[in-house]
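J.: Sharing a structure here in structure tokens format.
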Amino acid sequence: MTQPGLLRTLAPNLFLIELSAALYEPEAVMAAALRCSDRFHVKLEPRGDMLAVLFECRDAEPPPDAEKAARQMLNDILDSQLRLHLERRCGGLRETIYRYAFLPLEKTP
Amino acid sequence: MSGLDERDLTLLPFQFKRLDDDRVLMTNLAGEYAVLSSADFARLVEAKRPGDLGDLYFPLKGKQFVADKDLDLAVKLLAIKLRSRKEFLRDFTSLHMVVVTTRCGCNCDYCQASSVEPRGGGLDMEPRAAEKTVDLIFDSPAPTIKIEFQGGEPTLNWPIIELIVTRAEKLNAKKKKSLGFVLCTNLLRAEKKWAQFCRAHQIGISTSLDGPKDLHDLHRKSRDGGSSHERFRENLALYRETLGHESCCALLTITKDHLPRLPEVIDHYRELGFHQVFLRALNPYGNAVKNRDSLAYSAEDFVEAYCRALDYILALNLEGVYFVENYARLLLQRILTPFSTGFVDLQSPAGAGVSGAVYDYNGEVYPADEGRMLARMGDKRFLMGDVFRHNHREIFGGAVIRELVMASCVETMPGCSDCVYQTYCGSDPVRYYVECGDISGRRPESEFCIKNKGILDYLFKKLLEADDRLMDVFWSWLMGPARGAGSL
């Protein structure tokens with residue numbers, strides 16, 4: 001079942017993505033994995049410099065679009081990683097905004 | 001843009017979601033939204049100077065997605081807008097739902113209140129519990145107090161309603177709060193003197209209407225075997241005659257049988273003179289769980305039926321008939337205006353306990369009716385205290401409400417913290433607990449989440465069509481109908 005490419009189909013209901021641990025953070029991968037956990041059981045596994053993501057369909061009979069859904073995960077991980085980058089740039093501001101918003105009026109800067 | 005090129009660009013916090021291959025939806029803490037092409041979105045996240053954004057710069061700056069040398073001002077503006085959106089927290093608990101009895105003449109297939117036979121005993125609120133309840137309600141710091149009479153069928157314990165209204169008005173003579181009352185009744189029975197009392201004390205009527213007679217009677221079953229719909233119509237007329245036509249509003253509970261018939265239900269609402277409907281999904285409590293096989297449907301099926309029904313309602317409005325869908329109105333208010341909305345079931349932190357509380361007939365206090373329902377089934381996890389033994393601080397500052405608040409801020413919840421709809425949405429920890437045994441819930445399988453995301457996807461699809469006539473309809477729902485509009 002193994003094939004070259006971004007996504008490897010290990011069995012009709014089992015898929016593997018391998019990501020460079022230098023580029024992708026586990027936090028980003030976990031956030032994306034959570035989003036598809038209604039359709040897949042997901043396992044993350046460090047493999048040397050790589051991070052392996054294994055997806056197994058929750059239904060015994062894999063849905064016809066299972067591979068497409070697993071492939072979509074690649075872009076979801078990319079967006080999750082971007083969210084982490086944005087959070088590092090803007091997260092401090094978010095905290096400042098919340099702090100100002102919840103200050104008593106007389107203490108508002 | 002040359003002068004701007006010298007300034008540093010700061011990205012302000014935002015969430016995003018890809019709508020399709022070429023469009024990205026962005027939202028921020030203030031509830032502002034913008035849609036960029038994928039190429040423009042990539043340009044935005046890489047931009048270092050205002051000039052890098054070209055024509056996008058000023059629209060994005062105007063909505064506080066970016067700032068330059070005026071960063072401090074932008075941060076304060078966002079904080080002010082966020083403060084407005086969280087205004088409901090400052091008011092604290094203003095909705096107080098009092099269960100004056102659990103007896104009811106109806107035995108609805110989806111009843112979540114565990115109602116019992118009208119002639120049963122021991123399940124009515126006693127005068128002492130009623131007095132203690134009112135006293136506790138008036139200890140709330142909220143400037144606005146709304147007392148809702150619920151059940152069972154509250155009119156079965158009418159003297160206690162009169163006692164509570166009278167005592168609340170007496171206390172309010174000193175407290176000077178904005179005080180209101182709502183009677184939630186199935187309209188199976190009504191008396192002229194009750195309607196007159198409601199008029200004298202400005203009590204609004206909230207009732208339930210599930211559609212035409214066959215559909216209404218199908219699941220809203222009268223215990224005596226008669227048609228609940230026929231008596232509903234007679235008693236609606238009685239209240240309207242005494243209180244005025246607009247004094248009564250109705251709620252719809254959607255079962256599996258309703259899904260293909262929603263336009264018919266909407267027509268029936270119009271036929272009975274209602275100008276609005278709340279397309280409300282079935283809740284997974286009480287009889288609705290017992291009768292799941294005959295009543296329930298998937299969240300996806302609900303969203304599909306909801307969207308078709310909303311299309312029907314929008315078409316009516318475009319033909320000049322003013323008719324509002326209240327859930328869409330609520331969400332549109334959050335999307336199109338900066339104002340706070342007082343809808344207990346969709347707030348962050350959750351409205352349970354913070355915005356609304358339920359006082360059971362025996363004096364027990366719960367953050368939401370669903371918490372009371374669980375207690376009836378033997379699980380008192382959400383019991384906040386009782387009016388006889390605890391004061392306001394102990395009940396509303398206690399462990400239950402603190403845990404609910406901590407666990408129900410969408411800004412920090414897994415699956416919500418990075419959701420593009422976070423600013424418009426909320427959480428329902430009691431429901432999550434029922435769904436998966438955990439008050440934090442699991443978003444991927446949550447029907448609450450699937451439903452709200454589906455409806456927000458649909459509303460944004462409509463908003464992005466940028467049809468002027470459709471926008472006029474949406475704004476009329478927020479501002480009220482134009483003079484002489486439609487069938488009002």
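In the structure tokens, chains take the letters A, B, ... in the order shown, each chain's residues start at 1, and ligands count up from 1 in the order shown.
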As a PyMOL selection string, list the residues of chain A assigned to strand (DSSP E) by DSSP on the backbone atoms of this structure.
T.: chain A and resi 7-11+14-20+40-47+50-57
J.: When you look at Ser227 (chain B) with a cut-off of 10 Å (counting only C-alpha atoms), what residues show up, excluding the ones that are within fewer than 4 positions of it in the same chain? I need them as a PDB file with N, CA and C atoms, in the first residue's frame.
T.:
ATOM      1  N   LEU B 188     -52.145  25.804  28.182  1.00  0.00           N
ATOM      2  CA  LEU B 188     -53.169  24.768  28.256  1.00  0.00           C
ATOM      3  C   LEU B 188     -54.351  25.278  29.080  1.00  0.00           C
ATOM      4  N   LYS B 213     -51.674  22.198  13.894  1.00  0.00           N
ATOM      5  CA  LYS B 213     -52.279  21.339  14.927  1.00  0.00           C
ATOM      6  C   LYS B 213     -51.677  19.933  14.977  1.00  0.00           C
ATOM      7  N   ASP B 214     -51.573  19.274  13.841  1.00  0.00           N
ATOM      8  CA  ASP B 214     -51.102  17.873  13.884  1.00  0.00           C
ATOM      9  C   ASP B 214     -49.667  17.791  14.412  1.00  0.00           C
ATOM     10  N   HIS B 216     -48.058  20.139  16.310  1.00  0.00           N
ATOM     11  CA  HIS B 216     -48.023  20.619  17.697  1.00  0.00           C
ATOM     12  C   HIS B 216     -48.494  19.505  18.641  1.00  0.00           C
ATOM     13  N   ASP B 217     -49.618  18.893  18.299  1.00  0.00           N
ATOM     14  CA  ASP B 217     -50.190  17.867  19.186  1.00  0.00           C
ATOM     15  C   ASP B 217     -49.385  16.568  19.164  1.00  0.00           C
ATOM     16  N   LEU B 218     -48.593  16.369  18.120  1.00  0.00           N
ATOM     17  CA  LEU B 218     -47.831  15.124  17.986  1.00  0.00           C
ATOM     18  C   LEU B 218     -46.885  14.891  19.161  1.00  0.00           C
ATOM     19  N   ARG B 220     -46.411  17.568  21.804  1.00  0.00           N
ATOM     20  CA  ARG B 220     -46.844  18.333  22.982  1.00  0.00           C
ATOM     21  C   ARG B 220     -48.178  17.739  23.436  1.00  0.00           C
ATOM     22  N   LYS B 221     -48.071  16.661  24.180  1.00  0.00           N
ATOM     23  CA  LYS B 221     -49.268  15.878  24.498  1.00  0.00           C
ATOM     24  C   LYS B 221     -49.918  16.329  25.796  1.00  0.00           C
ATOM     25  N   SER B 222     -51.192  16.606  25.688  1.00  0.00           N
ATOM     26  CA  SER B 222     -51.954  16.948  26.886  1.00  0.00           C
ATOM     27  C   SER B 222     -52.223  15.654  27.678  1.00  0.00           C
ATOM     28  N   ARG B 223     -52.047  15.740  29.000  1.00  0.00           N
ATOM     29  CA  ARG B 223     -52.233  14.519  29.801  1.00  0.00           C
ATOM     30  C   ARG B 223     -53.684  14.029  29.794  1.00  0.00           C
ATOM     31  N   ARG B 231     -56.419  24.437  22.724  1.00  0.00           N
ATOM     32  CA  ARG B 231     -56.455  25.270  23.939  1.00  0.00           C
ATOM     33  C   ARG B 231     -55.390  26.373  23.873  1.00  0.00           C
ATOM     34  N   PHE B 232     -54.277  26.050  23.215  1.00  0.00           N
ATOM     35  CA  PHE B 232     -53.249  27.061  23.002  1.00  0.00           C
ATOM     36  C   PHE B 232     -53.847  28.262  22.267  1.00  0.00           C
TER      37      PHE B 232
END
J.: Return as number ranges by chain the residues belonging to chain B that are within 8 Å of chain A, counting only C-alpha atoms.
T.: B: 11-13, 15, 45, 75-76, 78-80, 82-83, 414-415, 418, 443-445
J.: Now that the selection is made, can you save its residues with N, CA and C atoms as a compact mmCIF listing (two decimals), in the first residue's frame?
T.:
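File written: part-v2.txt
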# COMPACT_ATOMS: atom_id res chain seq x y z
N LEU B 11 1.03 43.52 13.39
CA LEU B 11 -0.19 42.72 13.24
C LEU B 11 -0.88 42.67 14.60
N LEU B 12 -2.17 42.94 14.60
CA LEU B 12 -2.95 42.82 15.84
C LEU B 12 -3.56 41.42 15.88
N PRO B 13 -3.95 40.93 17.07
CA PRO B 13 -4.42 39.53 17.15
C PRO B 13 -5.65 39.28 16.27
N GLN B 15 -8.05 35.77 14.28
CA GLN B 15 -8.24 34.35 13.95
C GLN B 15 -8.52 34.26 12.46
N VAL B 45 0.56 38.33 6.30
CA VAL B 45 1.35 37.73 7.38
C VAL B 45 2.85 37.95 7.19
N VAL B 75 -4.64 49.42 20.34
CA VAL B 75 -4.81 48.48 21.45
C VAL B 75 -5.94 48.95 22.36
N LYS B 76 -5.96 50.27 22.64
CA LYS B 76 -7.02 50.79 23.52
C LYS B 76 -8.40 50.67 22.86
N LEU B 78 -9.33 48.42 20.67
CA LEU B 78 -9.74 47.02 20.75
C LEU B 78 -10.20 46.67 22.15
N ALA B 79 -9.52 47.20 23.16
CA ALA B 79 -9.90 46.93 24.55
C ALA B 79 -11.30 47.49 24.84
N ILE B 80 -11.58 48.69 24.32
CA ILE B 80 -12.91 49.29 24.56
C ILE B 80 -13.99 48.45 23.88
N LEU B 82 -13.82 45.30 23.11
CA LEU B 82 -13.92 44.03 23.82
C LEU B 82 -14.73 44.21 25.10
N ARG B 83 -14.48 45.30 25.78
CA ARG B 83 -15.22 45.60 27.02
C ARG B 83 -16.72 45.68 26.72
N PRO B 414 -9.69 24.25 24.08
CA PRO B 414 -9.19 23.54 22.90
C PRO B 414 -10.26 23.45 21.82
N GLY B 415 -9.90 23.79 20.60
CA GLY B 415 -10.86 23.74 19.50
C GLY B 415 -11.64 25.04 19.36
N ASP B 418 -8.68 28.76 18.69
CA ASP B 418 -8.19 29.16 17.36
C ASP B 418 -9.31 29.18 16.33
N ARG B 443 -14.80 19.51 21.14
CA ARG B 443 -15.39 20.21 20.01
C ARG B 443 -15.63 19.35 18.77
N PRO B 444 -14.69 18.45 18.38
CA PRO B 444 -14.90 17.76 17.10
C PRO B 444 -16.22 17.00 17.03
N GLU B 445 -16.65 16.42 18.17
CA GLU B 445 -17.91 15.66 18.13
C GLU B 445 -19.08 16.44 18.72
J.: Pick out the residues sitting within 12 Å of Lys462 (chain B), and hand them over as an NGL selection string; count only C-alpha atoms, and ignore anything fewer than 3 positions along from it in its own chain.
T.: :B and (307 or 310-311 or 314 or 328 or 332 or 455-459 or 465-471 or 473-474)
J.: Name the residues in contact with Gly48 (chain A) at a cut-off of 10 Å, using only C-alpha atoms, excluding same-chain residues fewer than 3 positions from it; report them as a compact mmCIF listing (two decimals) with N, CA and C atoms, in the first residue's frame.
T.:
# COMPACT_ATOMS: atom_id res chain seq x y z
N SER A 20 8.95 17.28 9.06
CA SER A 20 10.23 17.66 9.63
C SER A 20 10.00 18.33 10.99
N ALA A 21 10.63 17.78 12.01
CA ALA A 21 10.47 18.35 13.35
C ALA A 21 11.13 19.72 13.45
N GLU A 45 4.16 10.52 16.73
CA GLU A 45 5.30 9.71 17.16
C GLU A 45 6.60 10.35 16.66
N LEU A 51 8.60 13.90 12.57
CA LEU A 51 7.45 13.69 13.44
C LEU A 51 6.44 12.89 12.61
N ALA A 52 6.12 11.70 13.06
CA ALA A 52 5.18 10.86 12.30
C ALA A 52 3.76 11.08 12.84
J.: In Å, with one decimal, what is the gap from CA of Thr423 (chain B) to CA of Leu463 (chain B)?
T.: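 CA of Leu463 (chain B) lies at a distance of 16.6 Å from CA of Thr423 (chain B).
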J.: Quick one: residues within 9 Å of His41 (chain A), only C-alpha atoms counted, chain neighbours fewer than 5 positions away excluded, as JSON, numbers by chain?
T.: {"A": [33, 36, 54, 55, 56, 57, 58]}
J.: In Å to one decimal, how far is CA of Thr337 (chain B) from CA of Ala74 (chain B)?
T.: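 Spanning CA of Ala74 (chain B) to CA of Thr337 (chain B) is a straight-line distance of 18.2 Å.
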J.: DSSP on the backbone: what in region 91-328 of chain B comes out helix (DSSP H, G or I), as number ranges by chain?
T.: B: 91, 127-137, 154-175, 192-200, 213-219, 228-243, 245-247, 259-271, 287-290, 292-295, 299-318, 326-328
J.: Write out, as a tab-separated table (two decimals), in the first residue's frame, the residues just selected, with C-alpha atoms.
T.:
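Contents of the output file again.tsv:
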chain	number	residue	atom	x	y	z
B	91	ASP	CA	-24.28	43.24	34.94
B	127	PRO	CA	-44.36	30.46	50.35
B	128	ARG	CA	-41.23	30.42	52.53
B	129	ALA	CA	-39.06	29.15	49.67
B	130	ALA	CA	-40.60	31.78	47.39
B	131	GLU	CA	-39.81	34.60	49.83
B	132	LYS	CA	-36.26	33.39	50.36
B	133	THR	CA	-35.82	33.10	46.58
B	134	VAL	CA	-36.94	36.67	45.94
B	135	ASP	CA	-34.71	37.98	48.73
B	136	LEU	CA	-31.73	36.16	47.23
B	137	ILE	CA	-32.52	37.45	43.74
B	154	PRO	CA	-46.18	27.60	36.60
B	155	THR	CA	-49.83	28.65	36.50
B	156	LEU	CA	-50.64	25.44	38.41
B	157	ASN	CA	-49.15	27.21	41.44
B	158	TRP	CA	-50.61	30.64	40.69
B	159	PRO	CA	-50.67	31.99	44.30
B	160	ILE	CA	-46.88	31.68	44.46
B	161	ILE	CA	-46.51	33.70	41.25
B	162	GLU	CA	-48.58	36.49	42.83
B	163	LEU	CA	-46.51	36.25	46.02
B	164	ILE	CA	-43.21	36.51	44.15
B	165	VAL	CA	-44.35	39.42	41.98
B	166	THR	CA	-45.71	41.35	44.94
B	167	ARG	CA	-42.64	40.76	47.10
B	168	ALA	CA	-40.25	41.60	44.25
B	169	GLU	CA	-42.06	44.88	43.56
B	170	LYS	CA	-42.00	45.73	47.25
B	171	LEU	CA	-38.26	45.08	47.51
B	172	ASN	CA	-37.64	46.96	44.30
B	173	ALA	CA	-39.29	50.09	45.70
B	174	LYS	CA	-36.05	50.43	47.67
B	175	LYS	CA	-33.57	48.76	45.30
B	192	LYS	CA	-59.11	36.16	32.80
B	193	LYS	CA	-57.95	37.22	36.28
B	194	TRP	CA	-54.45	35.86	35.54
B	195	ALA	CA	-54.26	37.86	32.35
B	196	GLN	CA	-55.44	40.94	34.26
B	197	PHE	CA	-52.76	40.36	36.91
B	198	CYS	CA	-50.17	40.07	34.12
B	199	ARG	CA	-51.38	43.35	32.64
B	200	ALA	CA	-51.29	45.11	36.00
B	213	LYS	CA	-52.28	21.34	14.93
B	214	ASP	CA	-51.10	17.87	13.88
B	215	LEU	CA	-47.44	18.73	14.44
B	216	HIS	CA	-48.02	20.62	17.70
B	217	ASP	CA	-50.19	17.87	19.19
B	218	LEU	CA	-47.83	15.12	17.99
B	219	HIS	CA	-45.21	15.75	20.67
B	228	SER	CA	-53.09	21.06	23.30
B	229	HIS	CA	-53.12	23.14	20.12
B	230	GLU	CA	-56.81	24.03	20.36
B	231	ARG	CA	-56.45	25.27	23.94
B	232	PHE	CA	-53.25	27.06	23.00
B	233	ARG	CA	-55.14	29.09	20.40
B	234	GLU	CA	-58.04	29.90	22.72
B	235	ASN	CA	-55.78	31.02	25.57
B	236	LEU	CA	-53.39	32.91	23.31
B	237	ALA	CA	-56.40	34.94	22.22
B	238	LEU	CA	-57.35	35.57	25.86
B	239	TYR	CA	-53.91	36.89	26.81
B	240	ARG	CA	-53.61	38.96	23.64
B	241	GLU	CA	-57.01	40.49	24.22
B	242	THR	CA	-56.00	41.57	27.73
B	243	LEU	CA	-52.29	42.33	27.31
B	245	HIS	CA	-51.08	41.45	20.58
B	246	GLU	CA	-47.31	41.76	20.98
B	247	SER	CA	-47.28	40.61	24.61
B	259	LEU	CA	-37.22	19.00	9.72
B	260	PRO	CA	-39.03	18.65	6.37
B	261	ARG	CA	-41.94	20.91	7.44
B	262	LEU	CA	-40.30	24.08	8.72
B	263	PRO	CA	-41.75	26.38	6.02
B	264	GLU	CA	-45.20	25.11	7.00
B	265	VAL	CA	-44.41	25.86	10.66
B	266	ILE	CA	-43.29	29.37	9.72
B	267	ASP	CA	-46.52	29.93	7.77
B	268	HIS	CA	-48.49	28.80	10.82
B	269	TYR	CA	-46.62	31.27	13.04
B	270	ARG	CA	-47.56	34.02	10.59
B	271	GLU	CA	-51.15	32.81	10.45
B	287	ASN	CA	-37.66	12.79	27.83
B	288	ALA	CA	-35.75	13.88	24.71
B	289	VAL	CA	-33.08	11.32	25.61
B	290	LYS	CA	-35.64	8.63	26.43
B	292	ARG	CA	-34.30	9.82	21.09
B	293	ASP	CA	-35.21	7.29	18.39
B	294	SER	CA	-38.45	9.02	17.47
B	295	LEU	CA	-37.33	12.64	18.01
B	299	ALA	CA	-26.53	18.23	14.06
B	300	GLU	CA	-25.72	18.19	10.34
B	301	ASP	CA	-29.37	17.43	9.48
B	302	PHE	CA	-30.46	20.28	11.74
B	303	VAL	CA	-28.10	22.76	10.08
B	304	GLU	CA	-29.33	21.74	6.64
B	305	ALA	CA	-32.99	22.17	7.65
B	306	TYR	CA	-32.21	25.44	9.44
B	307	CYS	CA	-30.55	26.91	6.36
B	308	ARG	CA	-33.46	25.91	4.13
B	309	ALA	CA	-35.91	27.46	6.61
B	310	LEU	CA	-33.85	30.63	6.85
B	311	ASP	CA	-33.83	30.87	3.06
B	312	TYR	CA	-37.61	30.63	3.18
B	313	ILE	CA	-37.81	33.39	5.80
B	314	LEU	CA	-35.41	35.62	3.88
B	315	ALA	CA	-37.49	35.17	0.73
B	316	LEU	CA	-40.59	36.27	2.69
B	317	ASN	CA	-38.74	39.36	3.90
B	318	LEU	CA	-37.56	40.17	0.39
B	326	ASN	CA	-34.26	35.05	16.30
B	327	TYR	CA	-31.12	32.91	16.39
B	328	ALA	CA	-29.88	34.46	13.16
J.: So what do you get for CA of Phe16 (chain B) versus CA of Lys86 (chain B), distance-wise?
T.: 21.4 Å
J.: Within 9 Å of Leu44 (chain B), counting only C-alpha atoms, which residues show up once you throw out same-chain ones fewer than 6 positions away? Write them as a PyMOL selection string, please.
T.: chain B and resi 11+52-53+56
J.: Take the residues from that selection and put them in a file with C-alpha atoms, as a CSV table (one decimal), in the first residue's frame.
T.:
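As a result, again_12.csv now contains:
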chain,number,residue,atom,x,y,z
B,11,LEU,CA,-0.2,42.7,13.2
B,52,ASP,CA,3.8,46.1,1.8
B,53,LEU,CA,0.0,45.9,2.0
B,56,LEU,CA,-5.3,46.6,1.8
J.: Could you list, as a ChimeraX atom specification, every residue within 8 Å of Val53 (chain A), counting only C-alpha atoms and ignoring same-chain residues fewer than 6 positions away?
T.: /A:16-19,42-45
